[in-house]
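See below for the structure under consideration.
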Amino acid sequence: MAGEPQSDCLFCKIVAGEVPATIVRESETTVAFRDINPQAPTHVLVIPKAHHPDAASLAAAAPEVAADVLREAGEVAAQEKTDGAGYRIVFNTGSGAGQTVWHAHAHVLGGRGLNWPPG
């Protein structure tokens with residue numbers, strides 16, 4: 001069920017404290033932690049504490065939590081001091097877009113040039 005922890009979800013296990021992560025921020029509804037395979041000097045994932053499989057389902061079921069994820073992504077960028085030079089927020093949705101963990105999450109990337117188009 002949407003919003004309920006999933007026993008087979010890595011990010012639900014991080015939220016529950018069952019799997020270690022380097023947490024950089026936490027709010028009532030979100031957790032932000034460093035990516036284990038960083039693609040930039042700053043690469044932090046911001047996730048809702050409630051389980052939603054992707055960004056679209058999160059936005060449909062809990063738009064206020066989706067807004068919290070975006071707000072926290074901006075706070076991460078400021079905390080990491082990438083907000084002045086620029087940063088990127090990425091939601092991969094679906095395996096064809098590179099989503100590998102089926103729990104909505106935003107990648108906050110910064111600290112280097114980020115070319116366009118990505119790929």
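For the structure tokens, the naming scheme is as follows: chains receive sequential letters (A, B, ...) according to their order of presentation, residues are indexed from 1 within each chain, and ligands are indexed from 1 in presentation order.
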Range 101-106 of chain A environment, 8 Å, only C-alpha atoms, sequence neighbours closer than 5 positions dropped, as a short mmCIF file (atom, residue, chain, number, x, y, z; two decimals) with all heavy atoms, in the first residue's frame:
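result23.cif written:
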data_model
loop_
_atom_site.label_atom_id
_atom_site.label_comp_id
_atom_site.auth_asym_id
_atom_site.auth_seq_id
_atom_site.Cartn_x
_atom_site.Cartn_y
_atom_site.Cartn_z
N CYS A 9 12.34 -2.89 0.56
CA CYS A 9 12.79 -1.61 0.01
C CYS A 9 14.01 -1.10 0.77
O CYS A 9 13.94 -0.86 1.98
CB CYS A 9 11.66 -0.59 0.07
SG CYS A 9 12.16 1.07 -0.44
N LEU A 10 15.10 -0.92 0.06
CA LEU A 10 16.34 -0.41 0.66
C LEU A 10 16.12 0.92 1.36
O LEU A 10 16.58 1.14 2.48
CB LEU A 10 17.42 -0.27 -0.41
CG LEU A 10 18.72 0.40 0.02
CD1 LEU A 10 19.43 -0.41 1.10
CD2 LEU A 10 19.62 0.62 -1.18
N PHE A 11 15.40 1.85 0.72
CA PHE A 11 15.23 3.18 1.31
C PHE A 11 14.30 3.13 2.52
O PHE A 11 14.50 3.89 3.48
CB PHE A 11 14.75 4.18 0.27
CG PHE A 11 15.79 4.52 -0.77
CD1 PHE A 11 15.45 5.30 -1.86
CD2 PHE A 11 17.10 4.09 -0.68
CE1 PHE A 11 16.38 5.64 -2.83
CE2 PHE A 11 18.06 4.41 -1.64
CZ PHE A 11 17.70 5.19 -2.72
N CYS A 12 13.31 2.26 2.53
CA CYS A 12 12.48 2.08 3.73
C CYS A 12 13.35 1.58 4.88
O CYS A 12 13.16 1.99 6.04
CB CYS A 12 11.33 1.11 3.47
SG CYS A 12 10.00 1.78 2.43
N LEU A 45 20.80 12.08 -1.91
CA LEU A 45 19.44 11.65 -2.20
C LEU A 45 18.50 12.19 -1.13
O LEU A 45 18.82 12.12 0.06
CB LEU A 45 19.34 10.13 -2.22
CG LEU A 45 20.26 9.40 -3.20
CD1 LEU A 45 20.08 7.90 -3.08
CD2 LEU A 45 20.03 9.87 -4.61
N VAL A 46 17.39 12.74 -1.56
CA VAL A 46 16.35 13.20 -0.64
C VAL A 46 15.13 12.33 -0.89
O VAL A 46 14.64 12.25 -2.02
CB VAL A 46 16.00 14.69 -0.86
CG1 VAL A 46 14.93 15.12 0.15
CG2 VAL A 46 17.24 15.57 -0.75
N ILE A 47 14.68 11.65 0.17
CA ILE A 47 13.58 10.71 0.03
C ILE A 47 12.45 11.06 1.00
O ILE A 47 12.70 11.60 2.08
CB ILE A 47 14.02 9.25 0.26
CG1 ILE A 47 14.42 9.01 1.72
CG2 ILE A 47 15.17 8.88 -0.67
CD1 ILE A 47 14.62 7.55 2.07
N PRO A 48 11.22 10.73 0.63
CA PRO A 48 10.14 10.82 1.61
C PRO A 48 10.28 9.65 2.58
O PRO A 48 10.71 8.56 2.19
CB PRO A 48 8.87 10.71 0.78
CG PRO A 48 9.29 9.92 -0.42
CD PRO A 48 10.73 10.29 -0.68
N HIS A 51 6.73 5.40 1.93
CA HIS A 51 7.06 4.72 0.68
C HIS A 51 6.07 5.07 -0.43
O HIS A 51 4.86 4.90 -0.28
CB HIS A 51 7.05 3.20 0.88
CG HIS A 51 7.44 2.46 -0.35
ND1 HIS A 51 8.75 2.17 -0.65
CD2 HIS A 51 6.70 2.00 -1.39
CE1 HIS A 51 8.79 1.53 -1.81
NE2 HIS A 51 7.56 1.42 -2.28
N HIS A 52 6.63 5.55 -1.52
CA HIS A 52 5.91 5.76 -2.78
C HIS A 52 6.89 5.30 -3.85
O HIS A 52 8.07 5.66 -3.80
CB HIS A 52 5.51 7.22 -2.98
CG HIS A 52 4.57 7.70 -1.93
ND1 HIS A 52 3.20 7.53 -2.01
CD2 HIS A 52 4.81 8.34 -0.75
CE1 HIS A 52 2.64 8.02 -0.92
NE2 HIS A 52 3.58 8.53 -0.15
N PRO A 53 6.45 4.52 -4.84
CA PRO A 53 7.39 3.90 -5.77
C PRO A 53 8.13 4.85 -6.69
O PRO A 53 9.22 4.53 -7.16
CB PRO A 53 6.54 2.91 -6.56
CG PRO A 53 5.13 3.32 -6.34
CD PRO A 53 5.08 4.04 -5.04
N ASP A 54 7.57 6.02 -6.98
CA ASP A 54 8.25 6.96 -7.88
C ASP A 54 7.71 8.36 -7.65
O ASP A 54 6.76 8.55 -6.89
CB ASP A 54 8.13 6.53 -9.35
CG ASP A 54 6.69 6.36 -9.79
OD1 ASP A 54 5.85 7.24 -9.46
OD2 ASP A 54 6.39 5.36 -10.46
N ALA A 55 8.32 9.33 -8.30
CA ALA A 55 7.96 10.73 -8.10
C ALA A 55 6.51 11.01 -8.49
O ALA A 55 5.82 11.77 -7.81
CB ALA A 55 8.91 11.63 -8.89
N LEU A 58 4.18 9.68 -5.82
CA LEU A 58 4.32 10.53 -4.64
C LEU A 58 3.52 11.81 -4.82
O LEU A 58 2.74 12.20 -3.95
CB LEU A 58 5.79 10.86 -4.38
CG LEU A 58 6.06 11.93 -3.33
CD1 LEU A 58 5.55 11.51 -1.95
CD2 LEU A 58 7.54 12.26 -3.28
N VAL A 69 10.03 17.27 -0.24
CA VAL A 69 11.24 16.71 -0.87
C VAL A 69 11.96 17.80 -1.66
O VAL A 69 13.19 17.96 -1.54
CB VAL A 69 10.89 15.50 -1.76
CG1 VAL A 69 12.09 15.07 -2.62
CG2 VAL A 69 10.42 14.33 -0.91
N LEU A 70 11.22 18.57 -2.44
CA LEU A 70 11.84 19.65 -3.22
C LEU A 70 12.44 20.73 -2.32
O LEU A 70 13.55 21.21 -2.56
CB LEU A 70 10.83 20.26 -4.18
CG LEU A 70 10.51 19.42 -5.40
CD1 LEU A 70 9.34 20.02 -6.17
CD2 LEU A 70 11.73 19.28 -6.29
N ALA A 73 15.58 19.42 -0.86
CA ALA A 73 16.64 19.38 -1.88
C ALA A 73 17.33 20.74 -1.96
O ALA A 73 18.55 20.83 -2.04
CB ALA A 73 16.07 18.97 -3.23
N ILE A 89 18.46 18.93 -9.62
CA ILE A 89 17.59 17.98 -8.91
C ILE A 89 17.02 17.05 -9.97
O ILE A 89 16.41 17.50 -10.93
CB ILE A 89 16.43 18.70 -8.18
CG1 ILE A 89 16.97 19.70 -7.17
CG2 ILE A 89 15.52 17.68 -7.50
CD1 ILE A 89 15.90 20.60 -6.57
N VAL A 90 17.24 15.75 -9.77
CA VAL A 90 16.81 14.75 -10.75
C VAL A 90 15.93 13.70 -10.07
O VAL A 90 16.31 13.16 -9.03
CB VAL A 90 18.03 14.05 -11.39
CG1 VAL A 90 17.59 12.95 -12.35
CG2 VAL A 90 18.94 15.04 -12.08
N PHE A 91 14.79 13.42 -10.69
CA PHE A 91 13.95 12.29 -10.30
C PHE A 91 13.96 11.31 -11.47
O PHE A 91 13.45 11.63 -12.54
CB PHE A 91 12.50 12.73 -10.08
CG PHE A 91 12.26 13.55 -8.84
CD1 PHE A 91 12.33 14.93 -8.91
CD2 PHE A 91 11.93 12.94 -7.64
CE1 PHE A 91 12.07 15.70 -7.78
CE2 PHE A 91 11.68 13.71 -6.51
CZ PHE A 91 11.75 15.09 -6.58
N ASN A 92 14.55 10.14 -11.29
CA ASN A 92 14.49 9.10 -12.31
C ASN A 92 13.20 8.31 -12.06
O ASN A 92 12.97 7.86 -10.94
CB ASN A 92 15.69 8.17 -12.23
CG ASN A 92 16.99 8.89 -12.51
OD1 ASN A 92 17.03 9.82 -13.30
ND2 ASN A 92 18.06 8.48 -11.85
#
Handout entry: Shell of 10 Å around range 28-44 of chain A, only C-alpha atoms, local chain residues under 5 positions omitted, as a ChimeraX atom specification
Key = /A:11,14-15,20-23,49-50,64-66,68-69,72-73,76-77,80-82,87-89,105-114
Exercise for the section: Please measure the separation of CA of Gly3 in chain A and CA of Ala78 in chain A, giving the value in Å to one decimal. Expected result: 28.2 Å
Exercise for the section: Identify all residues of chain A in alpha helix (DSSP H) (DSSP on the backbone) and supply them as a ChimeraX atom specification. Expected result: /A:10-15,55-61,63-79
Handout entry: Point-to-point distance from CA of Gly96 in chain A to CA of Ala56 in chain A, Å rounded to tenths
Key =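 Separation between CA of Gly96 in chain A and CA of Ala56 in chain A: 15.1 Å.
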